[in-house]
Amino acid sequence: MTKWVYTFGDGAAEGRADMKNLLGGKGANLAEMASLGLPVPPGLTITTEVCTYYYDNGQKYPESLKADVDAAVEKIEKSVGAKFGDAKNPLLVSVRSGARVSMPGMMDTVLNLGLNDQTVEGLAAMSGNERFAWDSYRRFIQMYSDVVLGVDHYHFEELIEMHKEDKGVDLDTDLTAEDWKLLAGQFKAKTEEELGRPFPQDVQEQLWGAISAVFGSWQIERAKVYRRLNNIPESWGTAVNVQAMVFGNMGDTSATGVAFTRDPSTGENEYYGEYLINAQGEDVVAGIRTPQNLTKRAREAAGATAPSMEESMPEVFGQLADVFVKLERHYKDMQDIEFTVQHGKLWMLQTRNGKRTAKAALKIAVDMVAEGLIDEKTAVLRVEPAALDQLLHPTLDPDAPRDLLTRGLPASPGAASGAVVFTADDAEAWAKDGRDVILCRLETSPEDIHGMHAAKGILTARGGMTSHAAVVARGMGRPCVSGAGQLRIDAKTETLVCMGREVKKGEKITIDGATGEVMVGAVKTLQPELAGDFASLMVWADKYRKLRVRTNADTPGDTQTARDFGAEGIGLCRTEHMFFEGDRIVAVREMILAEAVDGRKRALAQLLPMQRGDFVAIFKIMRGLPVTIRLLDPPLHEFLPREDDEFEDVAKAMGTTADLLKRRAAELHEFNPMLGHRGCRLGITYPEIYEMQARAIFEAAVEVEKETGDTVVPEIMIPLVATEKELAILRARVEAMAEEVFAEKGHTLTYMVGTMIELPRAAICADQIANSADFFSFGTNDLTQTAIGISRDDAGRFLEEYVRKDIFAIDPFVSIDQDGVGALVKLGAERGRSTKPNLKLGICGEHGGDPASVEFCHGAGLDYVSCSPYRVPIARLAAAQAALKG
Ligand code: PEP
Ligand code: MG
């Protein structure tokens, strides 16, 4: 029989930390903590399999579930010494979601469940605190009505506000037991008015209502968006945790908090966290009250006056510190913890591996190796390659002038500038139009997630370092400044006001998530570099990876950046970009528009020294590392003049008229240029273009070899080959040019001629094509376009919806479609090597910098991946992880 329910508490548990798939992250770790003998309130976990069952069976539960839950609740009752629904001695529980991976704030939670008109009296008597009991009851009605019954919480907020006004008080803390009692009555009446039936008094009905609400929340919109952004499959489902309540709001010896065993922002080995005295957990996370620091050190650093937990509750803090040490030794990773103190007793409510910035991830991994907690391989596997992107983002130039507006908490590092917007929808809409935006909110809620994703940075006026905004921003790698308390955000007039200064919607600001500074205007930024922990981890990654990592670069500047990031060669130098530079474009246009070979040759002769100069610069920077240069690829019409004055310029240079040139340009028009006269088809029909390029490459290589003594081995790459014949013809011409140049210069060198595999036919006929190729480089941009039959330039219009509908799990231009395009890559590799076992294989499409695609390339037996300069470190780490996962 399937076991649907697992219990934990009193130093024992039926589950374990490695049962996350079944128990969810929260449930599995509660079980583990209970087994470790840590103080965990007893509870039960309903498995994720029940969630799957629930959705597969028209939202019905397995038959035995009710009995299993009853038995587990009885166990909790015994442990606590209270009874669920008992008027004198009631057991209260929390009901929370818990998926395999944490989805902060995305799904529902109900606290204080088990309260009704009778049990509230029991709670008052038991706790000796009538105010606490009625406050708990009204919170429960509010939360349950909102989450389970769908009565919006503003109804209740309104009643509280009205009551405070009647009494002439400002704060919730000014309200007495009598006030809360009265409000609880009004809340129930409100719910009844909205629903047409009374608020449920039966505790069993309450419990099953909450359980169903948690399972139901797996399918609400914000949870779906979160899953899509984080690649969490729908099939995983969530577990439900029902746990005895402990109260952090029982007075001044009670508290609640969240903590990290190390600083999640910097990775420093210091306890880090926040707590609130006399509060319930949700108060900390929701960012409603700004919490106090955990440690004295952090309080002093922040210049805060409210006492830290270390100072106000030294004994409990000591116990907490012991728990931190125990948990880190056990899990061998930084932990993110929730705790509650009830009347001076510590209770652990959650532990999980803490989310952290990339900077912190690197520092923690490298430090833990030094501390002997983990080995190098584990460290390499600990850092998510895509997260390195955060460190490869610009930081503010310390010397740039800045106009400081205000300061908040440094919630997620990185600097960003953009236009101010005030709603998540605006952020999304403006970003779609290509504008950089900073999303400014009083506080963010889980509904804002799409806007946070679209924004370059996030700024909030309220909330601490563990507020929703901070946690989500760090997870996404978005710079974030939170809790900028001096800011007034006026959503109506769409302005930010700060000490008399005003910033309107659309005006630019800059935020620095590393320092918490907010500046008016755009501030100059600096490029990142690879040093410290980052460099150490890269050295380990390089030790274990099998794939080489090259870069796609076509300017000396990009080439240098890529070298600095550890590129081991150039996998793709697109020569067409060089054609646009400076006044070259006029010569390029002359070449294209020439009526006959002579004119074309004249124009190409002007381009030759310029191309040679480009290649000399690149060969010099790469110092003997392999450089793959691709001959001209795009359809010629991309270079054509568009404006009248551009036609005039070219006409003058060619001694002809603009009208004639326009006619010639019209002749070059193609209906489907991506499938048109481009790639090697240009080389076949206009031999002199590739001849010029080959000459420029060989002359440059000879020059650099002679001058520097480095060995230069150019790899000449022919694009868009479909048949062996094309390559054979073009190869012969390149070889002839090599002989010509070598004879002229009296200097020979080694070189290679290869091709891109970027058409399905090329992959299928790779065994034939390999006869004429020294290497293959998979051009997975065009291969994706031609294999799936979707345009690289236009597919964006519908691909987003395809991804939303799960037709593609992820955009196939971003991460390789392994089943389709990937199969062609594998086929091409196998067939190519069946002809030439040592054929060098690489990839140079955008996928070369995508971690999942890099892992795929490792598995397909490629020799190298090539990606844009800033993604080189990401690819190095992804390649190492692929090798280690093996
Ligand atoms: C490709 O098609 O994958 C490729 C690298 O070439 P381009 O993007 O220049 O077409
Ligand atoms: Mg291509």
# chains A, B, ... in the order shown; residues from 1 in each chain; ligands from 1
call {"tool": "residues_around", "arguments": {"residues": "Lys601 (chain A)", "least_positions_apart": "4", "cutoff": "8 Å", "atoms": "only C-alpha atoms", "output": "list of chain:residue names"}}
result
A:Met591, A:Val597, A:Ala605, A:Glu688
call {"tool": "select_by_dssp", "arguments": {"residues": "region 457-561 of chain A", "states": "strand (DSSP E)", "output": "number ranges by chain"}}
result
A: 457-460, 480-482, 487-490, 495-498, 501-504, 508-512, 517-520, 525-526, 548-552
call {"tool": "write_last_selection", "arguments": {"atoms": "N, CA and C atoms", "output": "mmCIF file, in the first residue's frame"}}
result
data_model
loop_
_atom_site.group_PDB
_atom_site.id
_atom_site.type_symbol
_atom_site.label_atom_id
_atom_site.label_comp_id
_atom_site.auth_asym_id
_atom_site.auth_seq_id
_atom_site.Cartn_x
_atom_site.Cartn_y
_atom_site.Cartn_z
ATOM 1 N N GLY A 457 16.451 46.161 -12.551
ATOM 2 C CA GLY A 457 16.717 46.249 -11.126
ATOM 3 C C GLY A 457 15.434 46.536 -10.380
ATOM 4 N N ILE A 458 15.476 46.307 -9.045
ATOM 5 C CA ILE A 458 14.276 46.458 -8.228
ATOM 6 C C ILE A 458 14.591 47.336 -7.030
ATOM 7 N N LEU A 459 13.668 48.249 -6.759
ATOM 8 C CA LEU A 459 13.840 49.154 -5.627
ATOM 9 C C LEU A 459 12.562 49.117 -4.801
ATOM 10 N N THR A 460 12.691 48.870 -3.483
ATOM 11 C CA THR A 460 11.495 48.911 -2.642
ATOM 12 C C THR A 460 11.730 49.836 -1.455
ATOM 13 N N CYS A 480 19.082 44.587 -6.533
ATOM 14 C CA CYS A 480 17.919 45.028 -5.761
ATOM 15 C C CYS A 480 18.356 45.842 -4.556
ATOM 16 N N VAL A 481 17.704 46.965 -4.355
ATOM 17 C CA VAL A 481 17.845 47.747 -3.135
ATOM 18 C C VAL A 481 16.482 47.693 -2.460
ATOM 19 N N SER A 482 16.442 47.217 -1.201
ATOM 20 C CA SER A 482 15.147 47.115 -0.540
ATOM 21 C C SER A 482 15.143 47.990 0.705
ATOM 22 N N LEU A 487 12.171 56.831 0.981
ATOM 23 C CA LEU A 487 11.464 57.013 -0.273
ATOM 24 C C LEU A 487 9.967 57.021 -0.037
ATOM 25 N N ARG A 488 9.289 57.943 -0.715
ATOM 26 C CA ARG A 488 7.848 57.849 -0.743
ATOM 27 C C ARG A 488 7.463 57.483 -2.161
ATOM 28 N N ILE A 489 6.769 56.381 -2.311
ATOM 29 C CA ILE A 489 6.390 55.966 -3.655
ATOM 30 C C ILE A 489 4.918 56.264 -3.816
ATOM 31 N N ASP A 490 4.628 57.196 -4.706
ATOM 32 C CA ASP A 490 3.247 57.577 -4.912
ATOM 33 C C ASP A 490 2.763 56.938 -6.207
ATOM 34 N N THR A 495 5.136 58.986 -9.034
ATOM 35 C CA THR A 495 6.388 59.683 -8.707
ATOM 36 C C THR A 495 7.043 59.032 -7.489
ATOM 37 N N LEU A 496 8.371 59.210 -7.473
ATOM 38 C CA LEU A 496 9.173 58.833 -6.309
ATOM 39 C C LEU A 496 9.515 60.134 -5.627
ATOM 40 N N VAL A 497 9.280 60.233 -4.333
ATOM 41 C CA VAL A 497 9.663 61.461 -3.656
ATOM 42 C C VAL A 497 10.632 61.109 -2.536
ATOM 43 N N CYS A 498 11.700 61.889 -2.447
ATOM 44 C CA CYS A 498 12.663 61.610 -1.394
ATOM 45 C C CYS A 498 13.253 62.920 -0.915
ATOM 46 N N ARG A 501 12.931 65.815 -3.185
ATOM 47 C CA ARG A 501 13.235 65.639 -4.612
ATOM 48 C C ARG A 501 12.234 64.675 -5.228
ATOM 49 N N GLU A 502 12.008 64.865 -6.526
ATOM 50 C CA GLU A 502 10.980 64.083 -7.182
ATOM 51 C C GLU A 502 11.545 63.388 -8.418
ATOM 52 N N VAL A 503 11.214 62.126 -8.597
ATOM 53 C CA VAL A 503 11.564 61.436 -9.836
ATOM 54 C C VAL A 503 10.273 60.898 -10.431
ATOM 55 N N LYS A 504 10.016 61.268 -11.689
ATOM 56 C CA LYS A 504 8.758 60.860 -12.315
ATOM 57 C C LYS A 504 8.931 59.555 -13.078
ATOM 58 N N LYS A 508 15.303 58.451 -15.413
ATOM 59 C CA LYS A 508 16.307 57.418 -15.124
ATOM 60 C C LYS A 508 16.825 57.485 -13.692
ATOM 61 N N ILE A 509 16.986 56.316 -13.097
ATOM 62 C CA ILE A 509 17.731 56.235 -11.845
ATOM 63 C C ILE A 509 18.714 55.073 -11.959
ATOM 64 N N THR A 510 19.648 55.024 -11.015
ATOM 65 C CA THR A 510 20.601 53.921 -10.961
ATOM 66 C C THR A 510 20.550 53.338 -9.558
ATOM 67 N N ILE A 511 20.559 52.024 -9.451
ATOM 68 C CA ILE A 511 20.650 51.431 -8.116
ATOM 69 C C ILE A 511 21.913 50.579 -8.047
ATOM 70 N N ASP A 512 22.511 50.551 -6.871
ATOM 71 C CA ASP A 512 23.666 49.686 -6.654
ATOM 72 C C ASP A 512 23.299 48.677 -5.580
ATOM 73 N N GLU A 517 22.856 51.967 -2.570
ATOM 74 C CA GLU A 517 22.687 53.357 -3.003
ATOM 75 C C GLU A 517 21.694 53.479 -4.157
ATOM 76 N N VAL A 518 20.950 54.599 -4.104
ATOM 77 C CA VAL A 518 20.022 54.910 -5.189
ATOM 78 C C VAL A 518 20.407 56.284 -5.724
ATOM 79 N N MET A 519 20.646 56.386 -7.015
ATOM 80 C CA MET A 519 21.101 57.634 -7.606
ATOM 81 C C MET A 519 20.169 58.122 -8.699
ATOM 82 N N VAL A 520 20.104 59.434 -8.836
ATOM 83 C CA VAL A 520 19.321 60.010 -9.925
ATOM 84 C C VAL A 520 20.177 59.969 -11.186
ATOM 85 N N THR A 525 29.370 52.599 -15.525
ATOM 86 C CA THR A 525 29.693 51.317 -14.890
ATOM 87 C C THR A 525 31.039 50.776 -15.374
ATOM 88 N N LEU A 526 31.577 49.827 -14.620
ATOM 89 C CA LEU A 526 32.848 49.197 -14.974
ATOM 90 C C LEU A 526 32.635 47.737 -15.326
ATOM 91 N N ARG A 548 36.923 21.796 -24.371
ATOM 92 C CA ARG A 548 37.655 23.069 -24.434
ATOM 93 C C ARG A 548 36.621 24.182 -24.600
ATOM 94 N N VAL A 549 37.019 25.392 -24.225
ATOM 95 C CA VAL A 549 36.077 26.504 -24.355
ATOM 96 C C VAL A 549 36.712 27.616 -25.187
ATOM 97 N N ARG A 550 36.079 27.901 -26.288
ATOM 98 C CA ARG A 550 36.551 28.995 -27.154
ATOM 99 C C ARG A 550 35.523 30.117 -27.131
ATOM 100 N N THR A 551 35.803 31.144 -27.899
ATOM 101 C CA THR A 551 34.860 32.262 -27.903
ATOM 102 C C THR A 551 34.448 32.647 -29.315
ATOM 103 N N ASN A 552 33.289 33.268 -29.403
ATOM 104 C CA ASN A 552 32.864 33.894 -30.646
ATOM 105 C C ASN A 552 33.265 35.360 -30.550
#
call {"tool": "residues_around", "arguments": {"residues": "region 136-143 of chain A", "least_positions_apart": "5", "cutoff": "9 Å", "atoms": "only C-alpha atoms", "output": "PyMOL selection string"}}
result
chain A and resi 109-117+120+131+148+151-153+156-157+180-181+183-185+187-188+191+199+249
call {"tool": "closest_residue", "arguments": {"among": "A:Arg574, A:Lys377, A:Arg222, A:Lys524", "to": "ligand 1", "atoms": "only C-alpha atoms and all ligand atoms"}}
result
A:Arg574
call {"tool": "residues_near_ligand", "arguments": {"ligand": "ligand 1", "cutoff": "6 Å", "atoms": "only C-alpha atoms and all ligand atoms", "output": "PDB file with N, CA, C and O atoms, in the first residue's frame"}}
result
ATOM      1  N   GLU A 758      25.310  23.295 -40.308  1.00  0.00           N
ATOM      2  CA  GLU A 758      24.189  24.112 -39.846  1.00  0.00           C
ATOM      3  C   GLU A 758      22.941  23.916 -40.701  1.00  0.00           C
ATOM      4  O   GLU A 758      22.002  24.687 -40.633  1.00  0.00           O
ATOM      5  N   GLY A 779      26.741  24.902 -36.308  1.00  0.00           N
ATOM      6  CA  GLY A 779      26.103  26.225 -36.233  1.00  0.00           C
ATOM      7  C   GLY A 779      24.668  25.998 -35.819  1.00  0.00           C
ATOM      8  O   GLY A 779      23.759  25.912 -36.643  1.00  0.00           O
ATOM      9  N   THR A 780      24.460  25.902 -34.522  1.00  0.00           N
ATOM     10  CA  THR A 780      23.142  25.469 -34.047  1.00  0.00           C
ATOM     11  C   THR A 780      22.094  26.568 -34.127  1.00  0.00           C
ATOM     12  O   THR A 780      20.913  26.291 -33.925  1.00  0.00           O
ATOM     13  N   ASN A 781      22.501  27.799 -34.444  1.00  0.00           N
ATOM     14  CA  ASN A 781      21.474  28.826 -34.688  1.00  0.00           C
ATOM     15  C   ASN A 781      20.731  28.497 -35.976  1.00  0.00           C
ATOM     16  O   ASN A 781      19.511  28.376 -36.007  1.00  0.00           O
ATOM     17  N   ASP A 782      21.514  28.345 -37.049  1.00  0.00           N
ATOM     18  CA  ASP A 782      20.872  28.014 -38.322  1.00  0.00           C
ATOM     19  C   ASP A 782      20.323  26.600 -38.311  1.00  0.00           C
ATOM     20  O   ASP A 782      19.292  26.327 -38.923  1.00  0.00           O
ATOM     21  N   CYS A 844      29.351  26.475 -32.350  1.00  0.00           N
ATOM     22  CA  CYS A 844      29.542  27.916 -32.243  1.00  0.00           C
ATOM     23  C   CYS A 844      28.222  28.692 -32.290  1.00  0.00           C
ATOM     24  O   CYS A 844      28.212  29.907 -32.333  1.00  0.00           O
ATOM     25  N   GLY A 845      27.088  27.970 -32.241  1.00  0.00           N
ATOM     26  CA  GLY A 845      25.808  28.672 -32.109  1.00  0.00           C
ATOM     27  C   GLY A 845      25.689  29.239 -30.704  1.00  0.00           C
ATOM     28  O   GLY A 845      26.510  28.919 -29.835  1.00  0.00           O
TER      29      GLY A 845
END
call {"tool": "residues_near_ligand", "arguments": {"ligand": "ligand 2", "cutoff": "12 Å", "atoms": "only C-alpha atoms and all ligand atoms", "output": "VMD selection string"}}
result
chain A and resid 572 to 574 576 630 to 635 674 to 675 678 to 680 717 to 721 755 to 759 777 to 786 792 843 to 846
call {"tool": "residues_around", "arguments": {"residues": "Gln335 (chain A)", "least_positions_apart": "6", "cutoff": "8 Å", "atoms": "only C-alpha atoms", "output": "NGL selection string"}}
result
:A and (260-262 or 324 or 327-328 or 351-354)
call {"tool": "write_last_selection", "arguments": {"atoms": "N, CA, C and O atoms", "output": "tab-separated table (two decimals), in the first residue's frame"}}
result
chain	number	residue	atom	x	y	z
A	260	PHE	N	20.53	32.90	8.13
A	260	PHE	CA	21.41	32.13	7.26
A	260	PHE	C	22.68	31.83	8.06
A	260	PHE	O	23.12	32.69	8.82
A	261	THR	N	23.22	30.64	7.85
A	261	THR	CA	24.43	30.31	8.61
A	261	THR	C	25.65	31.10	8.11
A	261	THR	O	26.65	31.18	8.79
A	262	ARG	N	25.57	31.63	6.89
A	262	ARG	CA	26.59	32.56	6.38
A	262	ARG	C	25.87	33.66	5.63
A	262	ARG	O	24.71	33.49	5.22
A	324	PHE	N	23.11	26.24	14.29
A	324	PHE	CA	23.75	26.61	13.01
A	324	PHE	C	24.94	25.70	12.72
A	324	PHE	O	25.10	25.17	11.63
A	327	LEU	N	23.87	22.13	11.98
A	327	LEU	CA	23.25	21.99	10.66
A	327	LEU	C	24.28	22.08	9.54
A	327	LEU	O	24.25	21.30	8.58
A	328	GLU	N	25.23	23.01	9.64
A	328	GLU	CA	26.24	23.13	8.58
A	328	GLU	C	27.12	21.89	8.52
A	328	GLU	O	27.48	21.42	7.44
A	351	THR	N	14.69	24.29	7.64
A	351	THR	CA	16.05	24.52	7.19
A	351	THR	C	16.13	24.08	5.74
A	351	THR	O	15.40	23.19	5.32
A	352	ARG	N	16.96	24.75	4.99
A	352	ARG	CA	17.17	24.33	3.60
A	352	ARG	C	18.49	24.94	3.15
A	352	ARG	O	18.98	25.89	3.78
A	353	ASN	N	19.05	24.40	2.08
A	353	ASN	CA	20.25	25.02	1.54
A	353	ASN	C	19.87	26.43	1.11
A	353	ASN	O	18.91	26.60	0.38
A	354	GLY	N	20.62	27.42	1.59
A	354	GLY	CA	20.22	28.80	1.36
A	354	GLY	C	20.48	29.28	-0.05
A	354	GLY	O	21.50	28.96	-0.64
call {"tool": "decode", "arguments": {"residues": "region 818-829 of chain A", "atoms": "all heavy atoms", "output": "CSV table (one decimal), in the first residue's frame"}}
result
chain,number,residue,atom,x,y,z
A,818,GLN,N,17.3,19.1,-27.6
A,818,GLN,CA,18.1,17.9,-27.6
A,818,GLN,C,17.5,16.8,-28.4
A,818,GLN,O,18.2,16.1,-29.1
A,818,GLN,CB,18.4,17.4,-26.2
A,818,GLN,CG,19.1,18.5,-25.4
A,818,GLN,CD,19.7,18.0,-24.1
A,818,GLN,OE1,19.8,16.8,-23.8
A,818,GLN,NE2,20.2,18.9,-23.3
A,819,ASP,N,16.2,16.7,-28.4
A,819,ASP,CA,15.5,15.6,-29.1
A,819,ASP,C,15.6,15.7,-30.6
A,819,ASP,O,15.8,14.7,-31.3
A,819,ASP,CB,14.0,15.5,-28.8
A,819,ASP,CG,13.8,15.1,-27.3
A,819,ASP,OD1,14.8,14.6,-26.7
A,819,ASP,OD2,12.7,15.3,-26.8
A,820,GLY,N,15.5,16.9,-31.1
A,820,GLY,CA,15.5,17.2,-32.5
A,820,GLY,C,16.8,17.7,-33.1
A,820,GLY,O,17.6,16.9,-33.7
A,821,VAL,N,17.1,18.9,-32.8
A,821,VAL,CA,18.4,19.5,-33.3
A,821,VAL,C,19.6,18.8,-32.7
A,821,VAL,O,20.6,18.5,-33.4
A,821,VAL,CB,18.4,21.0,-32.9
A,821,VAL,CG1,19.7,21.6,-33.4
A,821,VAL,CG2,17.2,21.7,-33.5
A,822,GLY,N,19.5,18.4,-31.4
A,822,GLY,CA,20.5,17.7,-30.7
A,822,GLY,C,20.8,16.4,-31.4
A,822,GLY,O,22.0,15.9,-31.6
A,823,ALA,N,19.7,15.7,-31.8
A,823,ALA,CA,19.9,14.4,-32.5
A,823,ALA,C,20.7,14.6,-33.8
A,823,ALA,O,21.5,13.8,-34.2
A,823,ALA,CB,18.6,13.8,-32.8
A,824,LEU,N,20.5,15.7,-34.5
A,824,LEU,CA,21.2,16.0,-35.7
A,824,LEU,C,22.7,16.3,-35.4
A,824,LEU,O,23.6,15.9,-36.2
A,824,LEU,CB,20.6,17.2,-36.5
A,824,LEU,CG,19.3,17.0,-37.2
A,824,LEU,CD1,18.6,18.3,-37.6
A,824,LEU,CD2,19.5,16.1,-38.4
A,825,VAL,N,22.9,16.9,-34.3
A,825,VAL,CA,24.3,17.2,-33.9
A,825,VAL,C,25.0,15.8,-33.7
A,825,VAL,O,26.1,15.6,-34.2
A,825,VAL,CB,24.4,18.1,-32.7
A,825,VAL,CG1,25.8,18.2,-32.1
A,825,VAL,CG2,23.9,19.5,-33.0
A,826,LYS,N,24.3,15.0,-32.9
A,826,LYS,CA,24.9,13.7,-32.6
A,826,LYS,C,25.2,12.9,-33.9
A,826,LYS,O,26.3,12.3,-34.1
A,826,LYS,CB,24.0,12.9,-31.7
A,826,LYS,CG,24.1,13.3,-30.3
A,826,LYS,CD,23.4,12.2,-29.4
A,826,LYS,CE,23.5,12.6,-28.0
A,826,LYS,NZ,22.4,12.1,-27.2
A,827,LEU,N,24.2,12.9,-34.8
A,827,LEU,CA,24.3,12.2,-36.1
A,827,LEU,C,25.5,12.7,-36.9
A,827,LEU,O,26.3,12.0,-37.4
A,827,LEU,CB,23.0,12.3,-36.9
A,827,LEU,CG,22.9,11.5,-38.1
A,827,LEU,CD1,22.6,10.1,-37.8
A,827,LEU,CD2,21.8,12.1,-39.0
A,828,GLY,N,25.6,14.1,-37.0
A,828,GLY,CA,26.7,14.7,-37.7
A,828,GLY,C,28.0,14.3,-37.1
A,828,GLY,O,29.0,14.0,-37.9
A,829,ALA,N,28.1,14.3,-35.8
A,829,ALA,CA,29.4,14.0,-35.1
A,829,ALA,C,29.7,12.5,-35.5
A,829,ALA,O,30.9,12.2,-35.9
A,829,ALA,CB,29.2,14.2,-33.6
